[in-house]
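Colleague: I have a structure here, written as structure tokens, and I will follow up with some questions on it.
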Amino acid sequence: MFRNYDTDVTTWSPAGRLLQVEYALKAVKQGSATVGIRSSNHVVLVSLKRSHSELSSYQQKQFKIDNHMGISIAGLVADARVLCTYMRNECINHRYVYDTPMPPSRLVGKIADKSQKTTQSDIKRPYGVGLLVASYTPRSGPQLFRTCPSGNYYEYIGYAIGARSQSATTFIEKEYKNFDNMPLEELIVTALRALESTIPENIELTEENTSISVIGAPSPSTIFAATPEDGDESLYKEGVPRSTNYTYYDGECAIDSPEFIVLQRALRRLDPEDDGEDDDAEEEDKMADDDEPVVERDAMNA
């Protein structure tokens, strides 16, 4: 007798699978990519934002939970807002009762339990969002967690979720041994390089579609000093100051704000040092292909 096993989250398929949970995991993969990497002192989250049209604003991908914690999401933003509100309330309640910050591992465990409950009830569907949770406490140091709609959670040195995230994960696997002693500026640029590997060739990382969060020790107090490219009249020549353990850098800030300037200078560091060699190689390839027909590439398959 034929039967659909994906109409109810509490119904097992003959292969021992909960198909509704797997569909929620696929919703995470359809969201734009976000990357998190951790050093011995800091955690950096970088995200690619999307807009539904040229007339709309970009969707927010990163949220501050507390002074020592922030998240970056991939999947349904509406579900992420619900979980974000829950996490903020838990942090407020814990600080009110114990007068200390909420332990990150305990909060991540509560989010996992909340997600797991939806897989055992036909009243609610699973949350279609994955979280990268970054935190820093003097006792535990920097930590990076990943949560799933299935209720599982893991701690990582570096990880990526969202569309084409496997490219970023492969990049992290090659570079993770250098993360521990990496300076904060280099850690930010490395995270952006990992994020850059997930985007199609017809899209570039800009101040408008990129977000950066830094969670970690107060030092260094300044980052990204001005370079000759910034000009003699640029602001924060000695470096942009960091105010708290959690700092959010986004292109929606004013162009003369510290948050925007850090994002702008970090993206400039992505330019390869061997531009001249690449240009020469491109010119040689162009001369060799002058007699061949030009084939337009499909941007969706990039």
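Following the order of the structure tokens, chains are lettered A, B, ..., residues in each are numbered from 1, and ligands are numbered from 1.
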So that I can check the surroundings of segment 188-199 of chain A, please list as a PyMOL selection string every protein, DNA and RNA residue that reaches within 10 Å of it, counting only C-alpha atoms and ignoring chain neighbours fewer than 5 positions away.
Modeller: chain A and resi 32-38+42-48+158-160+162-172+175+179+182-183+204-205+210-214+263+265-271+302
Colleague: What's around segment 56-61 of chain A at 12 Å? Count only C-alpha atoms, leave out sequence neighbours fewer than 3 positions away in its own chain, and write the answer as a ChimeraX atom specification.
Modeller: /A:31-35,45-53,64,70-81,84,129-132,162,207-213,248-252
Colleague: Figure out the distance between atom CA of Val133 of chain A and atom CA of Lys114 of chain A, please, to one decimal in Å.
Modeller: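 Computing it gives 15.3 Å between the two atoms.
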Colleague: Identify, on the basis of only C-alpha atoms, every residue whose closest approach to segment 216-230 of chain A does not exceed 8 Å; exclude the query and any residue fewer than 3 positions from it along the same chain; express the result as a VMD selection string.
Modeller: chain A and resid 41 to 43 68 135 to 137 141 to 142 184 to 185 233 to 246 262 265 to 266
Colleague: Write down as number ranges by chain the residues belonging to segment 167-238 of chain A that are assigned strand (DSSP E) by DSSP computed on the backbone.
Modeller: A: 210-216, 222-223
Colleague: Using C-alpha atoms, can you write the selected residues to a file as a short mmCIF file (atom, residue, chain, number, x, y, z; two decimals), in the first residue's frame?
Modeller:
```cif
data_model
loop_
_atom_site.label_atom_id
_atom_site.label_comp_id
_atom_site.auth_asym_id
_atom_site.auth_seq_id
_atom_site.Cartn_x
_atom_site.Cartn_y
_atom_site.Cartn_z
CA THR A 210 28.52 41.77 3.52
CA SER A 211 28.30 41.71 7.32
CA ILE A 212 31.07 41.05 9.85
CA SER A 213 30.86 40.35 13.57
CA VAL A 214 33.85 40.10 15.90
CA ILE A 215 33.44 38.49 19.32
CA GLY A 216 36.45 38.16 21.60
CA THR A 222 42.27 49.19 17.21
CA ILE A 223 42.23 47.36 13.87
#
```
Colleague: Run DSSP on the backbone and tell me which residues of segment 37-155 of chain A come out as alpha helix (DSSP H); list them as an mmCIF file with C-alpha atoms, in the first residue's frame.
Modeller:
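Everything below was put into part13.cif:
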```cif
data_model
loop_
_atom_site.group_PDB
_atom_site.id
_atom_site.type_symbol
_atom_site.label_atom_id
_atom_site.label_comp_id
_atom_site.auth_asym_id
_atom_site.auth_seq_id
_atom_site.Cartn_x
_atom_site.Cartn_y
_atom_site.Cartn_z
ATOM 1 C CA VAL A 77 14.987 34.669 8.607
ATOM 2 C CA ALA A 78 11.542 34.648 10.239
ATOM 3 C CA ASP A 79 12.425 31.478 12.160
ATOM 4 C CA ALA A 80 15.774 33.000 13.097
ATOM 5 C CA ARG A 81 14.054 36.030 14.662
ATOM 6 C CA VAL A 82 11.973 33.724 16.883
ATOM 7 C CA LEU A 83 15.060 31.868 18.105
ATOM 8 C CA CYS A 84 16.956 35.148 18.511
ATOM 9 C CA THR A 85 14.233 36.552 20.773
ATOM 10 C CA TYR A 86 14.243 33.358 22.834
ATOM 11 C CA MET A 87 18.034 33.501 23.249
ATOM 12 C CA ARG A 88 17.943 37.154 24.294
ATOM 13 C CA ASN A 89 15.278 36.456 26.902
ATOM 14 C CA GLU A 90 17.278 33.569 28.313
ATOM 15 C CA CYS A 91 20.372 35.769 28.606
ATOM 16 C CA ILE A 92 18.381 38.529 30.347
ATOM 17 C CA ASN A 93 16.819 36.084 32.807
ATOM 18 C CA HIS A 94 20.142 34.443 33.613
ATOM 19 C CA ARG A 95 21.859 37.784 34.186
ATOM 20 C CA TYR A 96 18.974 38.948 36.404
ATOM 21 C CA VAL A 97 19.073 35.835 38.585
ATOM 22 C CA TYR A 98 22.815 35.109 38.757
ATOM 23 C CA PRO A 104 27.264 29.847 25.866
ATOM 24 C CA SER A 105 27.208 26.049 25.920
ATOM 25 C CA ARG A 106 24.117 26.056 28.155
ATOM 26 C CA LEU A 107 22.228 28.431 25.862
ATOM 27 C CA VAL A 108 23.157 26.443 22.755
ATOM 28 C CA GLY A 109 21.922 23.303 24.501
ATOM 29 C CA LYS A 110 18.582 24.998 25.187
ATOM 30 C CA ILE A 111 18.257 25.982 21.531
ATOM 31 C CA ALA A 112 18.984 22.394 20.509
ATOM 32 C CA ASP A 113 16.340 21.103 22.938
ATOM 33 C CA LYS A 114 13.827 23.637 21.608
ATOM 34 C CA SER A 115 14.536 22.523 18.033
ATOM 35 C CA GLN A 116 14.334 18.835 18.949
ATOM 36 C CA LYS A 117 10.870 19.219 20.497
#
```
Colleague: Would you list the contacts of Arg17 of chain A as a PDB file with N, CA, C and O atoms, in the first residue's frame, taking every protein, DNA or RNA residue within 12 Å and counting only C-alpha atoms, but skipping same-chain residues closer than 3 positions in sequence?
Modeller:
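Contents of the output file out01.pdb:
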```pdb
ATOM      1  N   TYR A   5       5.230   9.533   3.402  1.00  0.00           N
ATOM      2  CA  TYR A   5       5.824   9.599   4.722  1.00  0.00           C
ATOM      3  C   TYR A   5       6.389  10.990   5.033  1.00  0.00           C
ATOM      4  O   TYR A   5       7.059  11.149   6.045  1.00  0.00           O
ATOM      5  N   ASP A   6       6.137  11.949   4.171  1.00  0.00           N
ATOM      6  CA  ASP A   6       6.673  13.290   4.406  1.00  0.00           C
ATOM      7  C   ASP A   6       5.581  14.302   4.748  1.00  0.00           C
ATOM      8  O   ASP A   6       5.822  15.509   4.738  1.00  0.00           O
ATOM      9  N   ASP A   8       3.962  14.287   7.703  1.00  0.00           N
ATOM     10  CA  ASP A   8       3.902  14.416   9.154  1.00  0.00           C
ATOM     11  C   ASP A   8       5.307  14.261   9.700  1.00  0.00           C
ATOM     12  O   ASP A   8       6.017  13.309   9.347  1.00  0.00           O
ATOM     13  N   VAL A   9       5.721  15.175  10.559  1.00  0.00           N
ATOM     14  CA  VAL A   9       7.079  15.139  11.082  1.00  0.00           C
ATOM     15  C   VAL A   9       7.285  13.984  12.049  1.00  0.00           C
ATOM     16  O   VAL A   9       8.422  13.583  12.321  1.00  0.00           O
ATOM     17  N   THR A  10       6.214  13.424  12.601  1.00  0.00           N
ATOM     18  CA  THR A  10       6.345  12.340  13.572  1.00  0.00           C
ATOM     19  C   THR A  10       6.282  10.958  12.939  1.00  0.00           C
ATOM     20  O   THR A  10       6.345   9.954  13.649  1.00  0.00           O
ATOM     21  N   THR A  11       6.140  10.871  11.626  1.00  0.00           N
ATOM     22  CA  THR A  11       6.011   9.592  10.942  1.00  0.00           C
ATOM     23  C   THR A  11       7.350   9.174  10.352  1.00  0.00           C
ATOM     24  O   THR A  11       7.955   9.927   9.581  1.00  0.00           O
ATOM     25  N   TRP A  12       7.788   7.991  10.713  1.00  0.00           N
ATOM     26  CA  TRP A  12       9.042   7.459  10.193  1.00  0.00           C
ATOM     27  C   TRP A  12       8.814   6.828   8.822  1.00  0.00           C
ATOM     28  O   TRP A  12       7.787   6.180   8.591  1.00  0.00           O
ATOM     29  N   SER A  13       9.756   6.984   7.932  1.00  0.00           N
ATOM     30  CA  SER A  13       9.708   6.280   6.662  1.00  0.00           C
ATOM     31  C   SER A  13      10.252   4.866   6.857  1.00  0.00           C
ATOM     32  O   SER A  13      10.912   4.579   7.861  1.00  0.00           O
ATOM     33  N   PRO A  14       9.991   3.946   5.936  1.00  0.00           N
ATOM     34  CA  PRO A  14      10.521   2.583   6.080  1.00  0.00           C
ATOM     35  C   PRO A  14      12.046   2.540   6.161  1.00  0.00           C
ATOM     36  O   PRO A  14      12.608   1.585   6.701  1.00  0.00           O
ATOM     37  N   GLN A  20      10.461  15.316   7.051  1.00  0.00           N
ATOM     38  CA  GLN A  20      10.220  16.722   7.329  1.00  0.00           C
ATOM     39  C   GLN A  20      11.467  17.383   7.938  1.00  0.00           C
ATOM     40  O   GLN A  20      11.751  18.548   7.662  1.00  0.00           O
ATOM     41  N   VAL A  21      12.196  16.653   8.764  1.00  0.00           N
ATOM     42  CA  VAL A  21      13.439  17.194   9.330  1.00  0.00           C
ATOM     43  C   VAL A  21      14.482  17.374   8.229  1.00  0.00           C
ATOM     44  O   VAL A  21      15.217  18.369   8.203  1.00  0.00           O
ATOM     45  N   GLU A  22      14.550  16.440   7.313  1.00  0.00           N
ATOM     46  CA  GLU A  22      15.495  16.565   6.203  1.00  0.00           C
ATOM     47  C   GLU A  22      15.137  17.749   5.306  1.00  0.00           C
ATOM     48  O   GLU A  22      16.033  18.420   4.780  1.00  0.00           O
ATOM     49  N   TYR A  23      13.858  18.012   5.138  1.00  0.00           N
ATOM     50  CA  TYR A  23      13.451  19.181   4.350  1.00  0.00           C
ATOM     51  C   TYR A  23      13.886  20.473   5.044  1.00  0.00           C
ATOM     52  O   TYR A  23      14.271  21.448   4.385  1.00  0.00           O
ATOM     53  N   THR A 119      10.463  18.102  16.468  1.00  0.00           N
ATOM     54  CA  THR A 119      10.529  16.864  15.689  1.00  0.00           C
ATOM     55  C   THR A 119       9.707  15.749  16.319  1.00  0.00           C
ATOM     56  O   THR A 119       9.634  14.664  15.747  1.00  0.00           O
ATOM     57  N   SER A 150      17.473  19.659  13.340  1.00  0.00           N
ATOM     58  CA  SER A 150      17.232  18.334  13.911  1.00  0.00           C
ATOM     59  C   SER A 150      17.406  18.304  15.421  1.00  0.00           C
ATOM     60  O   SER A 150      17.027  17.322  16.076  1.00  0.00           O
TER      61      SER A 150
END
```
Colleague: Please report the interatomic distance between atom CA of Ile65 of chain A and atom CA of Ile255 of chain A in Å with one decimal.
Modeller: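 Spanning atom CA of Ile65 of chain A to atom CA of Ile255 of chain A is a straight-line distance of 25.0 Å.
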